[in-house]
Structure formats: structure tokens, C-alpha cells
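Report on the structure given below.
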Amino acid sequence: MKISLHFEQWPTVTPFRIAGRVYEKFESLNVEISDGTNVGRGEAHGVHYLGETPSSMMAQIEAIYADVMKGIDRTDLARLLPPGGARNALDSALWDLEAKRAGRTIWELTEVVAKPLETVFTIGLESTADKMAEKADAARAYGLLKVKLDGNLPVERIRAIRTARPDARIVVDVNQGWTFPQLRAVAPVMADLGVLMIEQPLPRGADHELENYRSPVRLCADESCLHLGELGEAASRYQMINIKLDKTGGLSHALELASEARARGLGIMVGCMGGTSLAVAPAFVIGCVSDLVDIDGPLLQKCDRVPGLLYEGGRVSVFGPDVWG
């Protein structure tokens with residue numbers, strides 16, 4: 001087996017702002033694994049709030065380079081690396097390689113039923129509510145909007161967007177930006193404005209007060225549920241979880257997490273850390289068993305890989321092995 005690692009940068013269409021962070025480009029670690037005939041590819045962006053970077057992910061993979069060269073499968077990988085971006089990049093490449101070797105698609109390998117998906121289109125944070133409303137108005141091709149918020153004037157921002165887009169279905173993502181008192185004050189107003197879900201309102205590790213709170217809007221754990229080991233605690237505080245492959249360490253563990261979340265009666269969202277179609281295609285598989293899909297990473301960039309996923313407004317078509325898997 002041979003392995004190749006390299007970094008990539010993909011500029012955003014405009015600066016993409018979330019609570020506490022601005023992206024002008026998405027930086028990734030890309031992995032290729034070859035058996036001499038077939039090549040499997042994977043892309044990961046890492047979990048930034050855990051300190052992961054393309055360089056740190058590369059170092060993790062280099063530490064098990066000898067194991068990969070000998071030939072490992074996805075079970076070996078789960079033993080060698082913890083959940084995170086490095087394992088995701090390798091796991092994705094191993095799925096892709098397995099599909100190519102077997103002459104089978106990812107749909108056949110996972111037995112997930114493929115179907116077109118509707119993704120959210122994300123409205124990033126802007127300096128004023130009016131600017132966010134302008135962005136929402138310009139996104140009329142998308143019926144489902146995900147709005148980034150922080151602790152500054154969240155109601156005013158959603159009210160402006162609702163005025164501009166009375167037709168839109170809206171979910172919001174706070175990226176750990178509220179306090180519990182603010183959530184209690186804001187959530188009823190969000191419900192009145194037709195917000196369908198609030199994602200990660202409180203900081204990771206500081207959301208215990210949600211255990212006895214009945215929110216008028218569904219709450220979704222993102223930063224508070226990285227993998228299966230954190231699902232039990234998240235299930236006592238949230239009604240949904242956002243599964244991201246950079247958090248779970250790849251599609252393999254994401255499928256396990258989705259199955260257990262369903263068994264616990266939780267809703268499922270699939271998300272991404274940005275990225276090209278190569279990063280998003282494995283997440284698409286989880287999207288086929290999810291209630292809410294956020295795989296608009298390629299739409300936030302100035303360009304994408306060719307071939308890539310086909311987006312028509314918010315509709316994403318089923319992909320074939322020329323894209324991945």
C-alpha cells in the first residue's frame with residue numbers, strides 16, 4: 001500500500017462568519033491510498049475547537065504510516081486513531097478504495113438507500129440584521145435556510161430575515177454563543193418567528209442546565225456530541241444531534257452513531273466543516289438517513305472539484321463513483 005498526503009486551500013465566495021470565527025478559505029488535509037491499481041481518496045478539515053489543523057492531522061497519520069503501508073482496514077483504523085479529522089480522511093479513503101476494488105458503489109457497501117437530498121443554505125453572520133436579510137433575500141433558490149447567530153441581537157436578525165423571506169424554513173446555529181438565560185428569553189420568540197431548530201446554543205461542557213429545560217424549539221447538539229461516547233449525555237439535553245464526519249472520525253463511526261441515535265428516539269442532522277464534494281460525499285450517505293441535511297460546503301466556495309456533487313438550488317443529486325465511493 002502507498003499513501004499520499006497533501007494540503008489544499010479553497011477560497012470562500014465571501015468571508016464566512018460564525019460565532020467567534022471567520023473563514024476566508026477552507027483548509028483541508030487530503031489523503032490518497034493506493035494498492036498499485038486502485039486509489040481511494042479522502043478529505044478532512046478537522047475540528048477547529050479541539051485545536052485540529054491540517055498539520056496536526058497530517059502528524060497523526062504520519063505516526064501510523066507504517067501500519068497503513070502494511071495494509072489496514074477500517075476496523076484497524078478505529079483502533080489506531082481516535083475520532084477526529086485524521087481518522088475521517090483515512091476512513092473516507094479506505095471506503096473509496098474498497099468500493100473501487102470490489103467494483104461496487106458506496107450504496108451497495110453500506111446498504112444505505114440513495115436518494116436526492118435537500119440541503120440548507122447557510123447565511124453567515126454579518127455586521128447588521130439588514131445585511132443578513134439581504135443575503136437571505138438573494139438566496140431565494142433555497143427554501144431551507146440555516147442562519148448563523150451569536151449573542152448579539154439574535155432576535156432582530158431572525159426577524160429581519162423572516163420579513164425578507166416569509167416563505168423560508170429556518171433553522172439557526174449559535175455555535176455555543178448564548179448563555180442559558182439568553183436561550184430561555186430568546187427561544188419563545190424564535191418559535192413565534194417560525195424557527196424550526198436551534199443548534200448548539202450553549203458552550204460545550206456548559207450545557208447541563210438543558211437537562212431540566214423544555215425548549216419551545218427543538219435543540220440540536222453539535223459541539224456537545226462528537227461521537228458515540230458522548231451520545232448518552234447529549235440525549236438527556238437535546239432532541240437532535242448533528243453528525244459530522246470530522247467529529248466521528250469518518251463514515252464508519254457516523255453510521256454507528258446514527259443508528260444508536262435513532263434507537264434513542266433522537267432526530268438526526270448531518271453537517272460538514274465546509275469543504276469540497278470529496279469531503280461532503282461521505283456525509284451525503286448519512287444525509288440519506290437524516291432529518292435535516294447541511295452539506296452546502298461546496299456552495300460556500302468559489303469553486304469545487306470536477307466532477308463534484310450536482311446542486312440545483314437546495315436539491316443535491318445522488319452521486320456516482322466518479323465523485324467518490
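So you can find residues: chains in the C-alpha cells are A, B, ... in the order shown, residues in each start at 1, and ligands are numbered from 1 in order.
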Close residues, region 118-128 of chain A itself excluded, 6 Å, only C-alpha atoms, min 6 positions apart in chain, as number ranges by chain = A: 16-18, 144-148, 293-295, 314-315
Mind dumping the selected residues with C-alpha atoms as a PDB file, in the first residue's frame?
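Below is the file part_34.pdb, written as the result:
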```pdb
ATOM      1  CA  PHE A  16     -17.915  33.276   6.055  1.00  0.00           C
ATOM      2  CA  ARG A  17     -18.588  34.273   9.659  1.00  0.00           C
ATOM      3  CA  ILE A  18     -19.799  32.205  12.580  1.00  0.00           C
ATOM      4  CA  LEU A 144     -34.345  25.932   3.741  1.00  0.00           C
ATOM      5  CA  LEU A 145     -32.003  28.420   5.412  1.00  0.00           C
ATOM      6  CA  LYS A 146     -29.552  27.869   8.233  1.00  0.00           C
ATOM      7  CA  VAL A 147     -28.755  31.165   9.933  1.00  0.00           C
ATOM      8  CA  LYS A 148     -25.597  31.689  11.954  1.00  0.00           C
ATOM      9  CA  VAL A 293     -29.122  17.988   5.888  1.00  0.00           C
ATOM     10  CA  ASP A 294     -26.380  20.620   5.910  1.00  0.00           C
ATOM     11  CA  ILE A 295     -23.952  19.767   3.109  1.00  0.00           C
ATOM     12  CA  GLY A 314     -31.073  23.298  -2.435  1.00  0.00           C
ATOM     13  CA  ARG A 315     -31.501  19.939  -4.165  1.00  0.00           C
TER      14      ARG A 315
END
```
Using only C-alpha atoms, which residues sit within 6 Å of Leu29 (chain A) once same-chain residues fewer than 6 positions away are excluded, as a list in words?
->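 Listing them by chain and then by number gives His6, Phe7, Glu43, Ala44 and Pro54 of chain A.
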Next, write the just-selected residues to a file, as a short mmCIF file (atom, residue, chain, number, x, y, z; two decimals), in the first residue's frame, keeping N, CA and C atoms as the atom set.
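Saved as selection07.cif:
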```cif
data_model
loop_
_atom_site.label_atom_id
_atom_site.label_comp_id
_atom_site.auth_asym_id
_atom_site.auth_seq_id
_atom_site.Cartn_x
_atom_site.Cartn_y
_atom_site.Cartn_z
N HIS A 6 -1.50 15.58 1.30
CA HIS A 6 -1.21 16.95 0.89
C HIS A 6 -2.28 17.89 1.41
N PHE A 7 -1.92 19.17 1.51
CA PHE A 7 -2.83 20.21 1.97
C PHE A 7 -3.48 20.90 0.77
N GLU A 43 -10.93 13.53 2.23
CA GLU A 43 -10.66 14.94 2.56
C GLU A 43 -11.22 15.24 3.94
N ALA A 44 -10.43 15.90 4.77
CA ALA A 44 -10.88 16.28 6.11
C ALA A 44 -10.45 17.70 6.42
N PRO A 54 -4.84 21.11 9.57
CA PRO A 54 -4.29 20.17 8.59
C PRO A 54 -2.93 19.61 9.01
#
```
Give the alpha helix (DSSP H) residues of region 106-296 of chain A, as DSSP finds them on the backbone, and put them as a VMD selection string.
-> chain A and resid 106 to 110 129 to 138 154 to 164 180 to 192 231 to 235 245 to 248 251 to 263 277 to 287
Please run DSSP on the backbone and report, as a ChimeraX atom specification, all residues within region 125-318 of chain A that come out as strand (DSSP E).
-> /A:144-148,169-173,195-199,218-221,240-243,267-270,292-293,311-312,315-316
Contacts of Val186 (chain A) within 12 Å, only C-alpha atoms, excl. fewer than 2 positions in-chain, as number ranges by chain = A: 149-159, 172, 174, 178-184, 188-193, 195, 198, 201, 215-217
Residue contacts of Leu77 (chain A) (10 Å, only C-alpha atoms) excluding same-chain residues fewer than 2 positions away, as a PyMOL selection string | chain A and resi 64+67-68+72-75+79-82+87-88+90-91+94+249
Could you give me, as CSV, a per-residue list for region 55-159 of chain A showing, wherever an atom lies at most 12 Å from an atom of region 277-286 of chain A, the closest pair of atoms and their distance in Å to one decimal, using only C-alpha atoms and sorting by chain then residue number from low to high?
```
residue,atom,partner,partner_atom,distance
A:Gly85,CA,A:Ala279,CA,10.8
A:Asn88,CA,A:Ala279,CA,9.3
A:Ala89,CA,A:Ala279,CA,8.4
A:Leu90,CA,A:Ala279,CA,11.6
A:Asp91,CA,A:Pro282,CA,9.8
A:Ser92,CA,A:Pro282,CA,7.0
A:Ala93,CA,A:Leu278,CA,10.0
A:Leu94,CA,A:Pro282,CA,11.5
A:Trp95,CA,A:Pro282,CA,9.0
A:Asp96,CA,A:Pro282,CA,9.4
A:Thr105,CA,A:Val285,CA,11.5
A:Ile106,CA,A:Val285,CA,8.3
A:Trp107,CA,A:Val285,CA,7.9
A:Glu108,CA,A:Val285,CA,11.4
A:Leu109,CA,A:Val285,CA,11.1
A:Thr110,CA,A:Val285,CA,8.6
A:Glu111,CA,A:Val285,CA,10.0
A:Val112,CA,A:Val285,CA,7.0
A:Val113,CA,A:Val285,CA,8.6
A:Ala114,CA,A:Val285,CA,7.4
A:Lys115,CA,A:Val285,CA,9.2
A:Pro116,CA,A:Phe284,CA,9.3
A:Leu117,CA,A:Phe284,CA,8.0
A:Glu118,CA,A:Phe284,CA,10.4
A:Thr119,CA,A:Phe284,CA,9.8
```
Atomic distance CA of Ala86 (chain A) - CA of Ser236 (chain A), expressed in Å with one decimal |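 Computing the Euclidean distance for CA of Ala86 (chain A) and CA of Ser236 (chain A) yields 29.1 Å.
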Rounded to one decimal place, report the CA of Ile241 (chain A)-CA of Ala261 (chain A) distance in Å.
->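 Separating CA of Ile241 (chain A) from CA of Ala261 (chain A) is a distance of 7.8 Å.
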For each of A:Cys225, A:Ala99, A:Leu292, A:Leu5, take the minimum atom-to-atom distance to Glu62 (chain A), counting only C-alpha atoms, then give the residue where this is smallest.
->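 Among the listed residues, A:Leu5 lies closest to Glu62 (chain A).
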Residue with smallest distance to Gln9 (chain A) - pool A:Val316, A:Cys303, A:Val323, A:Met58, counting only C-alpha atoms |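 Once distances to Gln9 (chain A) are computed over only C-alpha atoms, the minimum belongs to A:Cys303.
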